[in-house]
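**Student:** This is start-v6.cif (mmCIF, C-alpha atoms).
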```cif
data_data
loop_
_atom_site.label_atom_id
_atom_site.label_comp_id
_atom_site.auth_asym_id
_atom_site.auth_seq_id
_atom_site.Cartn_x
_atom_site.Cartn_y
_atom_site.Cartn_z
CA MET A 90 -167.60 -52.95 -18.01
CA ALA A 91 -166.51 -55.77 -20.40
CA ALA A 92 -170.15 -56.69 -21.10
CA GLN A 93 -171.01 -53.06 -21.84
CA GLY A 94 -168.05 -52.79 -24.24
CA LYS A 95 -169.10 -55.95 -26.09
CA ALA A 96 -172.68 -54.71 -26.43
CA HIS A 97 -171.42 -51.38 -27.81
CA LEU A 98 -169.27 -53.13 -30.46
CA GLU A 99 -172.21 -55.31 -31.55
CA ALA A 100 -174.42 -52.22 -31.90
CA GLN A 101 -171.79 -50.47 -34.04
CA TYR A 102 -171.39 -53.57 -36.23
CA GLY A 103 -175.15 -53.74 -36.75
CA LEU A 104 -175.30 -50.06 -37.68
CA LEU A 105 -172.49 -50.32 -40.26
CA THR A 106 -174.02 -53.50 -41.71
CA GLY A 107 -177.35 -51.71 -42.19
CA ILE A 108 -175.63 -48.76 -43.89
CA ALA A 109 -173.83 -51.17 -46.26
CA VAL A 110 -177.13 -52.78 -47.26
CA GLU A 111 -178.83 -49.40 -47.79
CA ALA A 112 -175.93 -48.04 -49.85
CA GLY A 113 -175.70 -51.23 -51.89
CA VAL A 114 -172.05 -51.83 -51.06
CA SER A 115 -170.06 -54.33 -49.03
CA LEU A 116 -169.34 -53.93 -45.31
CA SER A 117 -165.62 -53.68 -46.15
CA THR A 118 -166.36 -50.65 -48.37
CA VAL A 119 -168.20 -48.95 -45.50
CA SER A 120 -165.22 -49.72 -43.25
CA LYS A 121 -162.86 -48.10 -45.78
CA VAL A 122 -165.00 -44.94 -45.79
CA VAL A 123 -165.08 -44.90 -42.00
CA HIS A 124 -161.28 -45.09 -41.91
CA ARG A 125 -160.97 -42.61 -44.80
CA ARG A 126 -159.17 -44.97 -47.17
CA ARG A 127 -158.51 -43.53 -50.62
CA ASP A 128 -159.49 -46.59 -52.66
CA VAL A 129 -163.22 -45.74 -52.72
CA GLY A 130 -164.95 -43.84 -55.54
CA ALA A 131 -166.12 -40.30 -54.86
CA ALA A 132 -169.81 -41.02 -55.47
CA THR A 133 -169.77 -44.13 -53.28
CA ARG A 134 -167.88 -42.25 -50.55
CA ALA A 135 -170.41 -39.38 -50.60
CA ARG A 136 -173.36 -41.80 -50.37
CA VAL A 137 -171.85 -43.73 -47.42
CA GLU A 138 -170.83 -40.51 -45.59
CA GLU A 139 -174.40 -39.23 -45.96
CA LEU A 140 -175.82 -42.42 -44.43
CA LEU A 141 -173.24 -42.36 -41.60
CA ALA A 142 -174.19 -38.79 -40.73
CA ARG A 143 -177.93 -39.47 -40.99
CA ASN A 144 -177.61 -42.39 -38.56
CA GLY A 145 -175.53 -40.36 -36.10
CA TYR A 146 -172.36 -42.41 -36.46
CA VAL A 147 -169.24 -40.82 -34.92
CA ARG A 148 -165.81 -42.26 -35.59
CA PRO A 149 -164.18 -43.54 -32.36
CA TRP A 150 -161.26 -41.11 -32.51
CA GLU A 151 -163.61 -38.14 -33.03
CA ARG A 152 -165.71 -38.76 -29.94
CA GLU A 153 -165.30 -36.42 -26.95
CA PRO A 154 -163.60 -38.31 -24.15
CA ALA A 155 -165.99 -39.00 -21.29
CA ARG A 156 -165.24 -36.57 -18.51
CA PRO A 157 -164.93 -38.27 -15.13
CA ARG A 158 -167.64 -37.02 -12.80
CA GLN A 159 -165.88 -37.54 -9.49
CA ILE A 160 -162.77 -36.45 -7.65
CA ILE A 161 -161.11 -37.68 -4.46
CA ALA A 162 -160.22 -35.42 -1.51
CA VAL A 163 -157.88 -36.90 1.09
CA PHE A 164 -157.20 -35.40 4.52
CA ARG A 165 -154.86 -36.29 7.36
CA ASP A 166 -157.93 -36.57 9.61
CA MET A 167 -161.51 -35.30 9.68
CA SER A 168 -161.59 -34.06 13.28
CA GLY A 169 -160.46 -30.42 13.27
CA PRO A 170 -162.43 -27.30 12.34
CA TYR A 171 -159.94 -26.45 9.58
CA THR A 172 -160.47 -29.81 7.87
CA LEU A 173 -164.24 -29.43 7.90
CA GLU A 174 -164.07 -25.93 6.41
CA VAL A 175 -161.74 -27.03 3.59
CA ALA A 176 -163.87 -30.12 2.89
CA ARG A 177 -166.95 -27.94 2.63
CA GLY A 178 -165.17 -25.63 0.19
CA ILE A 179 -164.16 -28.54 -2.06
CA VAL A 180 -167.61 -30.17 -1.97
CA ASP A 181 -169.37 -26.88 -2.75
CA ALA A 182 -167.01 -26.11 -5.66
CA ALA A 183 -167.33 -29.62 -7.10
CA GLY A 184 -171.12 -29.50 -6.71
CA GLU A 185 -171.28 -26.40 -8.90
CA LEU A 186 -169.54 -28.40 -11.65
CA GLY A 187 -171.77 -31.45 -11.19
CA ILE A 188 -168.87 -33.49 -9.80
CA ASN A 189 -169.10 -35.92 -6.88
CA VAL A 190 -166.43 -35.93 -4.16
CA VAL A 191 -165.08 -39.07 -2.48
CA THR A 192 -163.44 -38.16 0.85
CA GLY A 193 -161.00 -40.13 2.95
CA THR A 194 -158.07 -39.88 5.34
CA THR A 195 -154.46 -41.03 5.46
CA SER A 196 -154.78 -42.38 9.00
CA ARG A 197 -155.40 -45.96 7.82
CA ARG A 198 -154.75 -45.76 4.09
CA PRO A 199 -151.48 -44.20 2.85
CA ILE A 200 -151.36 -41.75 -0.04
CA SER A 201 -149.88 -44.46 -2.30
CA ARG A 202 -153.10 -46.46 -1.86
CA TRP A 203 -155.22 -43.40 -2.61
CA LEU A 204 -153.29 -42.85 -5.84
CA GLU A 205 -154.13 -46.42 -6.85
CA GLU A 206 -157.76 -45.87 -5.84
CA CYS A 207 -157.93 -42.74 -7.98
CA VAL A 208 -156.88 -44.71 -11.07
CA ALA A 209 -159.13 -47.67 -10.25
CA LEU A 210 -162.21 -45.46 -9.82
CA GLY A 211 -161.47 -43.53 -12.99
CA ALA A 212 -161.64 -40.30 -10.98
CA ALA A 213 -160.62 -37.00 -12.54
CA GLY A 214 -157.91 -36.55 -9.92
CA LEU A 215 -156.92 -36.23 -6.29
CA ILE A 216 -156.81 -33.30 -3.85
CA ILE A 217 -154.49 -33.94 -0.88
CA VAL A 218 -154.90 -31.70 2.18
CA ILE A 219 -152.17 -31.19 4.83
CA SER A 220 -150.15 -34.32 4.20
CA MET A 221 -146.52 -35.25 3.75
CA LEU A 222 -145.81 -36.64 0.27
CA ALA A 223 -143.14 -39.34 0.19
CA GLU A 224 -140.54 -39.14 -2.60
CA ASP A 225 -141.92 -42.33 -4.19
CA ASP A 226 -145.42 -40.82 -4.27
CA GLN A 227 -144.13 -37.60 -5.84
CA ARG A 228 -142.16 -39.55 -8.44
CA ARG A 229 -145.21 -41.62 -9.35
CA ILE A 230 -147.44 -38.52 -9.67
CA VAL A 231 -144.93 -36.82 -11.97
CA GLU A 232 -143.98 -39.85 -14.08
CA GLN A 233 -147.55 -41.09 -14.58
CA ARG A 234 -148.90 -37.54 -14.96
CA LEU A 235 -151.58 -38.13 -12.35
CA PRO A 236 -153.81 -35.07 -11.76
CA VAL A 237 -153.00 -34.15 -8.13
CA VAL A 238 -153.36 -30.83 -6.29
CA LEU A 239 -152.04 -30.18 -2.78
CA ILE A 240 -153.61 -27.85 -0.21
CA ASP A 241 -151.25 -26.67 2.55
CA PRO A 242 -148.63 -29.43 2.09
CA LEU A 243 -146.48 -30.08 5.14
CA SER A 244 -143.29 -30.06 3.06
CA ALA A 245 -142.32 -28.35 -0.19
CA PRO A 246 -143.47 -30.57 -3.08
CA SER A 247 -141.96 -30.98 -6.53
CA LEU A 248 -142.56 -27.98 -8.78
CA ASP A 249 -144.40 -30.36 -11.12
CA ILE A 250 -147.14 -30.85 -8.50
CA PRO A 251 -149.31 -27.74 -8.01
CA SER A 252 -150.07 -26.61 -4.46
CA ILE A 253 -152.46 -24.05 -3.02
CA GLY A 254 -152.23 -22.23 0.29
CA VAL A 255 -152.62 -18.82 1.89
CA THR A 256 -150.28 -15.96 2.75
CA ASN A 257 -149.28 -17.46 6.10
CA TRP A 258 -146.36 -15.10 6.78
CA ASN A 259 -148.36 -11.97 5.98
CA GLY A 260 -151.37 -13.21 7.94
CA ALA A 261 -149.32 -13.87 11.06
CA ARG A 262 -147.61 -10.50 10.75
CA ASP A 263 -150.99 -8.77 10.41
CA ALA A 264 -152.27 -10.55 13.53
CA MET A 265 -149.23 -9.42 15.48
CA GLN A 266 -149.55 -5.86 14.24
CA HIS A 267 -153.12 -5.86 15.54
CA LEU A 268 -151.93 -6.91 19.01
CA LEU A 269 -149.01 -4.49 18.92
CA GLY A 270 -151.35 -1.72 17.84
CA LEU A 271 -153.46 -2.36 20.94
CA GLY A 272 -150.35 -1.74 23.05
CA HIS A 273 -149.22 -5.30 23.84
CA THR A 274 -145.47 -5.72 24.00
CA ARG A 275 -145.20 -9.13 25.66
CA ILE A 276 -146.91 -11.50 23.26
CA GLY A 277 -146.59 -15.28 23.44
CA MET A 278 -147.30 -17.74 20.66
CA VAL A 279 -148.64 -21.27 20.37
CA ALA A 280 -147.07 -22.09 17.01
CA GLY A 281 -147.31 -25.02 14.61
CA ARG A 282 -144.58 -27.59 14.08
CA SER A 283 -141.41 -26.37 12.38
CA HIS A 284 -141.62 -29.12 9.71
CA SER A 285 -144.96 -27.69 8.55
CA LEU A 286 -144.64 -25.02 5.84
CA ALA A 287 -147.66 -23.16 7.21
CA GLY A 288 -146.50 -23.50 10.83
CA ALA A 289 -143.01 -22.26 10.06
CA ALA A 290 -144.29 -19.32 7.97
CA ARG A 291 -146.66 -18.18 10.74
CA LEU A 292 -143.87 -18.33 13.32
CA HIS A 293 -141.60 -16.31 11.02
CA GLY A 294 -144.37 -13.73 10.56
CA TYR A 295 -144.71 -13.50 14.36
CA ARG A 296 -140.98 -12.96 14.79
CA ALA A 297 -140.81 -10.45 11.93
CA ALA A 298 -143.52 -8.31 13.55
CA LEU A 299 -141.66 -8.36 16.87
CA GLU A 300 -138.43 -7.35 15.16
CA GLU A 301 -140.14 -4.51 13.31
CA ALA A 302 -141.51 -3.24 16.63
CA GLY A 303 -138.08 -3.44 18.27
CA ILE A 304 -139.14 -6.21 20.68
CA LEU A 305 -136.77 -9.07 21.47
CA TYR A 306 -137.99 -12.58 20.72
CA ASP A 307 -138.47 -14.54 23.97
CA PRO A 308 -138.54 -18.34 23.40
CA SER A 309 -139.83 -18.88 26.96
CA ILE A 310 -143.33 -17.77 25.90
CA VAL A 311 -143.39 -19.66 22.58
CA ARG A 312 -144.36 -23.32 22.19
CA SER A 313 -144.73 -25.44 19.04
CA THR A 314 -147.51 -28.04 18.85
CA ASP A 315 -149.64 -29.83 16.30
CA PHE A 316 -152.62 -27.83 15.10
CA ASP A 317 -154.89 -29.33 17.75
CA TYR A 318 -156.52 -28.55 21.08
CA ASP A 319 -154.92 -30.95 23.57
CA GLU A 320 -151.27 -30.12 22.87
CA ALA A 321 -152.11 -26.42 22.73
CA LEU A 322 -153.75 -26.59 26.15
CA THR A 323 -150.63 -28.14 27.70
CA ALA A 324 -148.36 -25.62 25.97
CA SER A 325 -150.54 -22.67 26.98
CA LEU A 326 -150.51 -23.72 30.64
CA GLN A 327 -146.71 -23.68 30.53
CA ILE A 328 -146.70 -20.20 28.99
CA LEU A 329 -149.24 -18.71 31.40
CA ARG A 330 -147.55 -20.25 34.45
CA SER A 331 -144.17 -18.77 33.53
CA ASP A 332 -142.56 -16.18 35.80
CA GLU A 333 -143.45 -13.39 33.39
CA PRO A 334 -146.60 -14.42 31.53
CA PRO A 335 -147.58 -12.51 28.40
CA THR A 336 -150.49 -10.07 28.12
CA ALA A 337 -151.45 -11.59 24.76
CA VAL A 338 -151.09 -14.92 22.96
CA PHE A 339 -151.20 -15.53 19.22
CA ALA A 340 -152.32 -19.06 18.30
CA ALA A 341 -151.45 -20.52 14.89
CA SER A 342 -154.90 -22.11 14.48
CA ASP A 343 -158.41 -21.95 15.93
CA ALA A 344 -158.04 -25.37 17.54
CA GLN A 345 -154.91 -24.16 19.34
CA ALA A 346 -156.64 -20.92 20.33
CA LEU A 347 -159.37 -22.92 22.06
CA GLY A 348 -156.59 -24.56 24.07
CA VAL A 349 -155.31 -21.09 25.03
CA LEU A 350 -158.79 -20.06 26.22
CA GLU A 351 -159.08 -23.14 28.41
CA ALA A 352 -155.59 -22.61 29.83
CA ALA A 353 -156.55 -19.02 30.66
CA ARG A 354 -159.64 -20.25 32.48
CA GLN A 355 -157.65 -22.79 34.48
CA THR A 356 -154.98 -20.28 35.50
CA GLY A 357 -157.36 -17.45 36.32
CA PHE A 358 -156.65 -15.10 33.42
CA GLY A 359 -159.70 -13.24 32.17
CA VAL A 360 -160.01 -12.89 28.40
CA PRO A 361 -159.60 -10.21 27.15
CA ASP A 362 -159.12 -8.24 30.42
CA ASP A 363 -155.92 -9.99 31.46
CA LEU A 364 -155.04 -11.88 28.29
CA ALA A 365 -155.78 -11.05 24.66
CA VAL A 366 -156.09 -14.11 22.39
CA MET A 367 -155.56 -13.90 18.64
CA SER A 368 -156.07 -16.83 16.27
CA PHE A 369 -155.37 -17.92 12.69
CA ASP A 370 -158.12 -19.62 10.60
CA ASP A 371 -161.45 -18.01 11.52
CA THR A 372 -163.47 -21.21 11.21
CA LEU A 373 -166.99 -21.47 12.59
CA VAL A 374 -165.68 -22.32 16.07
CA ALA A 375 -163.90 -18.95 16.28
CA ALA A 376 -167.23 -17.13 16.34
CA MET A 377 -168.74 -19.68 18.74
CA ALA A 378 -165.89 -19.52 21.28
CA CYS A 379 -166.36 -17.70 24.57
CA PRO A 380 -165.40 -14.96 24.09
CA PRO A 381 -165.50 -15.01 20.26
CA LEU A 382 -161.98 -15.17 18.87
CA SER A 383 -160.29 -12.41 16.94
CA ALA A 384 -158.73 -14.27 14.02
CA VAL A 385 -156.91 -14.02 10.71
CA ARG A 386 -159.37 -15.44 8.21
CA GLN A 387 -158.43 -18.09 5.65
CA PRO A 388 -160.57 -17.99 2.47
CA PHE A 389 -161.77 -21.58 2.77
CA GLU A 390 -164.43 -21.36 0.07
CA GLU A 391 -161.91 -19.88 -2.36
CA LEU A 392 -159.36 -22.57 -1.41
CA GLY A 393 -161.85 -25.29 -2.35
CA HIS A 394 -162.85 -23.57 -5.58
CA GLU A 395 -159.25 -22.95 -6.65
CA ALA A 396 -158.11 -26.50 -5.85
CA THR A 397 -161.04 -27.99 -7.78
CA ARG A 398 -160.50 -25.63 -10.74
CA VAL A 399 -156.79 -26.47 -11.01
CA LEU A 400 -157.49 -30.20 -10.64
CA MET A 401 -160.03 -30.23 -13.48
CA GLN A 402 -157.60 -28.19 -15.57
CA LEU A 403 -154.93 -30.86 -15.01
CA ALA A 404 -157.42 -33.61 -15.84
CA GLU A 405 -157.98 -31.94 -19.21
CA GLY A 406 -154.23 -31.92 -19.89
CA ARG A 407 -153.70 -28.20 -19.26
CA PRO A 408 -150.92 -27.30 -16.80
CA PRO A 409 -151.59 -24.55 -14.23
CA VAL A 410 -150.19 -21.08 -14.78
CA SER A 411 -148.15 -21.32 -11.55
CA PRO A 412 -147.05 -24.34 -9.49
CA ARG A 413 -147.80 -22.45 -6.26
CA ILE A 414 -150.91 -20.36 -5.63
CA GLU A 415 -151.25 -18.25 -2.47
CA LEU A 416 -154.57 -16.71 -1.53
CA ALA A 417 -154.70 -13.60 0.63
CA THR A 418 -155.83 -13.77 4.26
CA GLU A 419 -158.03 -11.18 5.97
CA GLY A 420 -158.15 -9.82 9.50
CA GLY A 421 -161.16 -9.91 11.80
CA ARG A 422 -161.47 -8.45 15.29
CA ARG A 423 -163.90 -9.77 17.89
CA ARG A 424 -164.08 -9.69 21.68
CA ALA A 425 -161.05 -11.84 22.53
CA THR A 426 -158.58 -8.98 22.08
CA ALA A 427 -158.36 -5.65 23.93
CA VAL A 428 -155.76 -3.16 25.06
CA PRO A 429 -153.51 -4.42 27.86
CA ARG A 430 -154.42 -3.41 31.40
CA PRO A 431 -151.77 -1.11 32.94
CA ALA A 432 -150.06 -3.13 35.66
CA PRO A 433 -146.99 -1.53 37.27
CA TRP A 434 -147.53 -3.81 40.29
CA PRO A 435 -146.55 -7.52 40.38
CA ARG A 436 -149.19 -9.65 38.71
CA CYS A 437 -151.12 -11.58 41.34
CA ARG A 438 -152.80 -14.91 40.82
CA PRO A 439 -153.13 -18.08 42.90
CA GLY A 440 -149.72 -19.71 43.07
CA GLY A 441 -148.25 -17.09 40.77
CA ARG A 442 -145.14 -15.02 41.16
CA GLY A 443 -147.04 -11.86 42.11
CA ALA A 444 -149.18 -13.62 44.70
CA ALA A 445 -146.10 -15.03 46.41
CA ARG A 446 -144.63 -11.56 46.82
CA THR A 447 -147.83 -9.84 47.97
CA PRO A 448 -149.16 -10.14 51.53
CA PRO A 449 -152.75 -11.43 51.62
CA GLU A 450 -154.01 -8.24 53.28
CA GLN A 451 -152.85 -6.25 50.24
CA ALA A 452 -154.59 -8.40 47.66
CA ILE A 453 -158.25 -8.57 46.64
CA PRO A 454 -160.02 -11.30 44.74
CA GLY A 455 -160.88 -10.58 41.08
CA SER A 456 -164.16 -11.87 39.74
CA THR A 457 -162.71 -13.78 36.78
CA SER A 458 -158.95 -13.46 36.87
CA GLY A 459 -157.83 -14.72 40.27
CA TRP A 460 -156.04 -12.50 42.76
CA ARG A 461 -155.27 -8.91 41.87
CA CYS A 462 -152.73 -6.70 43.67
CA ARG A 463 -153.75 -3.31 44.99
CA GLY A 464 -151.70 -0.44 43.71
CA PRO A 465 -151.89 3.29 43.09
CA SER A 466 -152.26 2.82 39.33
CA ARG A 467 -154.81 0.01 39.44
CA VAL A 468 -157.50 0.53 36.81
CA PRO A 469 -161.10 -0.41 37.70
CA ARG A 470 -162.31 -3.57 35.96
CA ALA A 471 -165.18 -1.71 34.26
CA THR A 472 -162.82 0.70 32.52
CA ARG A 473 -162.33 0.17 28.77
CA TRP A 474 -160.03 1.84 26.29
CA PRO A 475 -161.00 2.35 22.65
CA SER A 476 -159.52 -0.32 20.40
CA PRO A 477 -157.95 0.78 17.13
CA SER A 478 -159.70 -0.61 14.06
CA TRP A 479 -157.84 -3.31 12.17
#
```
Produce structure tokens that represent the structure in this file.
**Tutor:**
Amino acid sequence: MAAQGKAHLEAQYGLLTGIAVEAGVSLSTVSKVVHRRRDVGAATRARVEELLARNGYVRPWEREPARPRQIIAVFRDMSGPYTLEVARGIVDAAGELGINVVTGTTSRRPISRWLEECVALGAAGLIIVISMLAEDDQRRIVEQRLPVVLIDPLSAPSLDIPSIGVTNWNGARDAMQHLLGLGHTRIGMVAGRSHSLAGAARLHGYRAALEEAGILYDPSIVRSTDFDYDEALTASLQILRSDEPPTAVFAASDAQALGVLEAARQTGFGVPDDLAVMSFDDTLVAAMACPPLSAVRQPFEELGHEATRVLMQLAEGRPPVSPRIELATEGGRRRATAVPRPAPWPRCRPGGRGAARTPPEQAIPGSTSGWRCRGPSRVPRATRWPSPSW
């Protein structure tokens, strides 16, 4: 970079020297015209200005600042379906603007290092996805006016740092209203961690929907985990093995919903015959799950576009209209939800409460959902009820 700067200065010196010779004046006179000094005659000034314009000379302070052509996007990890969808949204949005994206994670390099990297690379700014900003990092961003945009921050950031997310509370409430509309009244939840803004908002939306329906909140069928598969599987097994398992489970993310599906398989619950499963995200894996997941959809493409737009706006010195932007979620119904099966008899499954109370001669094996109790109101497996549209 130093060599390039030296070469540029030499080229400028040569150009001004040539103009001085052609105008028949000294180099110092040309320099005075360049800097708009008043001690130069009008005719001489006009002649030098004409030669400067003809040779394409632009004064240093009148040049357009070079716009950085890259941004940095940092994630907590790159393993989950949510992360991949958000990354794709950012890369697509940046590509439309001709901007390259450098991606990385905070697993081995803290955010403070990424802030340093952003400055060292001369990047336009930094997008941070699902991470916890330390107070020192927030102070540095604000004091140094670093262009930074947060997507789904785990904790509430300073109002001077713009953040973008979705309507988590409304989305969770909509998901619950879908399940309630199907007739489910005992609905469990695999929620996110309480320290996560998104996780807490989705749990509050779940509880609000229950309260509106006049249903008491039952903590025995609610578990909080990270937004990942393994913890959700363990939590879902606990919920489904409880004395009174739910007829539906709302998962706070697609990765957690996959854990619910596997727990249902291991415990003998057929989906959606015995257990409706509702998710939040609607990433590609939701449609590829078996059965395909009904899910609240996050507008990932719009998230990436909005974060990139706000970041470039900050890089140009223009503050965003609002420090917090929330994009609307949408509902989508697939095969993983259905009306609950009427079951006035004790629920029977291997090792379950119902099976323990029912003599073997009064139970029959179900094809996908373990043992089923006989009863006068038992509905044949092939029967289906119409599902209300969402």
**Student:** Please identify all polymer residues lying at most 12 Å from the point (-156.6, -26.5, -2.0) (file coordinates), using all atoms listed in the file, and present the result as a ChimeraX atom specification.
**Tutor:** /A:162-164,172,174-180,182,215-220,237-242,251-255,387-400,413-416
**Student:** If we count only C-alpha atoms, what is near A:Leu204 at a cut-off of 10 Å, once residues fewer than 5 positions away on the same chain are taken out, given as a VMD selection string?
**Tutor:** chain A and resid 161 199 209 214 to 215 226 229 to 230 235 to 237
**Student:** What would the file look like if the residues just selected were written as an mmCIF file, in the coordinates of the input with C-alpha atoms?
**Tutor:**
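What landed in selection04.cif:
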```cif
data_model
loop_
_atom_site.group_PDB
_atom_site.id
_atom_site.type_symbol
_atom_site.label_atom_id
_atom_site.label_comp_id
_atom_site.auth_asym_id
_atom_site.auth_seq_id
_atom_site.Cartn_x
_atom_site.Cartn_y
_atom_site.Cartn_z
ATOM 1 C CA ILE A 161 -161.110 -37.680 -4.460
ATOM 2 C CA PRO A 199 -151.480 -44.200 2.850
ATOM 3 C CA ALA A 209 -159.130 -47.670 -10.250
ATOM 4 C CA GLY A 214 -157.910 -36.550 -9.920
ATOM 5 C CA LEU A 215 -156.920 -36.230 -6.290
ATOM 6 C CA ASP A 226 -145.420 -40.820 -4.270
ATOM 7 C CA ARG A 229 -145.210 -41.620 -9.350
ATOM 8 C CA ILE A 230 -147.440 -38.520 -9.670
ATOM 9 C CA LEU A 235 -151.580 -38.130 -12.350
ATOM 10 C CA PRO A 236 -153.810 -35.070 -11.760
ATOM 11 C CA VAL A 237 -153.000 -34.150 -8.130
#
```
**Student:** Hey, what comes out of the PyMOL selection byres ((chain A and resi 119-121) around 9) on this file? Could you write it as a PyMOL selection string?
**Tutor:** chain A and resi 105-106+108-109+112+114-118+122-129+134+137-138
**Student:** Counting all atoms listed in the file, what is within 12 Å of stretch 321-323 of chain A, bar same-chain residues fewer than 3 positions away, as JSON, numbers by chain?
**Tutor:** {"A": [278, 279, 280, 281, 282, 311, 312, 313, 314, 315, 316, 317, 318, 326, 327, 328, 329, 330, 338, 339, 340, 341, 342, 343, 344, 345, 346, 347, 348, 349, 350, 351, 352, 353, 354, 355, 356]}
**Student:** I'd like the contact shell of A:Tyr146 - 9 Å cut-off, all atoms listed in the file, skipping same-chain residues fewer than 6 positions apart - returned as a count of residues only.
**Tutor:** 4
**Student:** To one decimal in Å, tell me the separation between atom CA of A:Leu248 and atom CA of A:Arg228.
**Tutor:**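 A separation of 11.6 Å between them.
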**Student:** Reconstruct stretch 393-407 of chain A at the level of N, CA, C and O atoms, and format the result as a tab-separated table (two decimals), in the frame of the given file.
**Tutor:**
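Heads up, here's the output in selection_24.tsv:
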```tsv
chain	number	residue	atom	x	y	z
A	393	GLY	N	-161.19	-24.14	-1.72
A	393	GLY	CA	-161.85	-25.29	-2.35
A	393	GLY	C	-162.11	-25.08	-3.82
A	393	GLY	O	-161.89	-25.98	-4.64
A	394	HIS	N	-162.57	-23.86	-4.18
A	394	HIS	CA	-162.85	-23.57	-5.58
A	394	HIS	C	-161.57	-23.62	-6.42
A	394	HIS	O	-161.56	-24.18	-7.52
A	395	GLU	N	-160.50	-23.02	-5.89
A	395	GLU	CA	-159.25	-22.95	-6.65
A	395	GLU	C	-158.64	-24.34	-6.83
A	395	GLU	O	-158.15	-24.69	-7.91
A	396	ALA	N	-158.66	-25.15	-5.76
A	396	ALA	CA	-158.11	-26.50	-5.85
A	396	ALA	C	-158.88	-27.34	-6.86
A	396	ALA	O	-158.30	-28.07	-7.67
A	397	THR	N	-160.20	-27.22	-6.84
A	397	THR	CA	-161.04	-27.99	-7.78
A	397	THR	C	-160.82	-27.51	-9.21
A	397	THR	O	-160.73	-28.31	-10.15
A	398	ARG	N	-160.72	-26.19	-9.40
A	398	ARG	CA	-160.50	-25.63	-10.74
A	398	ARG	C	-159.17	-26.12	-11.33
A	398	ARG	O	-159.12	-26.57	-12.48
A	399	VAL	N	-158.11	-26.04	-10.53
A	399	VAL	CA	-156.79	-26.47	-11.01
A	399	VAL	C	-156.78	-27.97	-11.29
A	399	VAL	O	-156.20	-28.43	-12.28
A	400	LEU	N	-157.46	-28.74	-10.44
A	400	LEU	CA	-157.49	-30.20	-10.64
A	400	LEU	C	-158.18	-30.55	-11.96
A	400	LEU	O	-157.68	-31.39	-12.73
A	401	MET	N	-159.32	-29.93	-12.24
A	401	MET	CA	-160.03	-30.23	-13.48
A	401	MET	C	-159.22	-29.75	-14.70
A	401	MET	O	-159.27	-30.36	-15.77
A	402	GLN	N	-158.48	-28.68	-14.50
A	402	GLN	CA	-157.60	-28.19	-15.57
A	402	GLN	C	-156.52	-29.22	-15.88
A	402	GLN	O	-156.24	-29.51	-17.04
A	403	LEU	N	-155.93	-29.80	-14.82
A	403	LEU	CA	-154.93	-30.86	-15.01
A	403	LEU	C	-155.54	-32.08	-15.68
A	403	LEU	O	-154.90	-32.71	-16.53
A	404	ALA	N	-156.76	-32.43	-15.28
A	404	ALA	CA	-157.42	-33.61	-15.84
A	404	ALA	C	-157.65	-33.46	-17.34
A	404	ALA	O	-157.73	-34.45	-18.07
A	405	GLU	N	-157.77	-32.20	-17.79
A	405	GLU	CA	-157.98	-31.94	-19.21
A	405	GLU	C	-156.65	-31.76	-19.95
A	405	GLU	O	-156.63	-31.39	-21.13
A	406	GLY	N	-155.53	-31.99	-19.26
A	406	GLY	CA	-154.23	-31.92	-19.89
A	406	GLY	C	-153.64	-30.53	-19.98
A	406	GLY	O	-152.67	-30.31	-20.72
A	407	ARG	N	-154.21	-29.58	-19.23
A	407	ARG	CA	-153.70	-28.20	-19.26
A	407	ARG	C	-152.96	-27.90	-17.97
A	407	ARG	O	-153.56	-27.93	-16.89
```
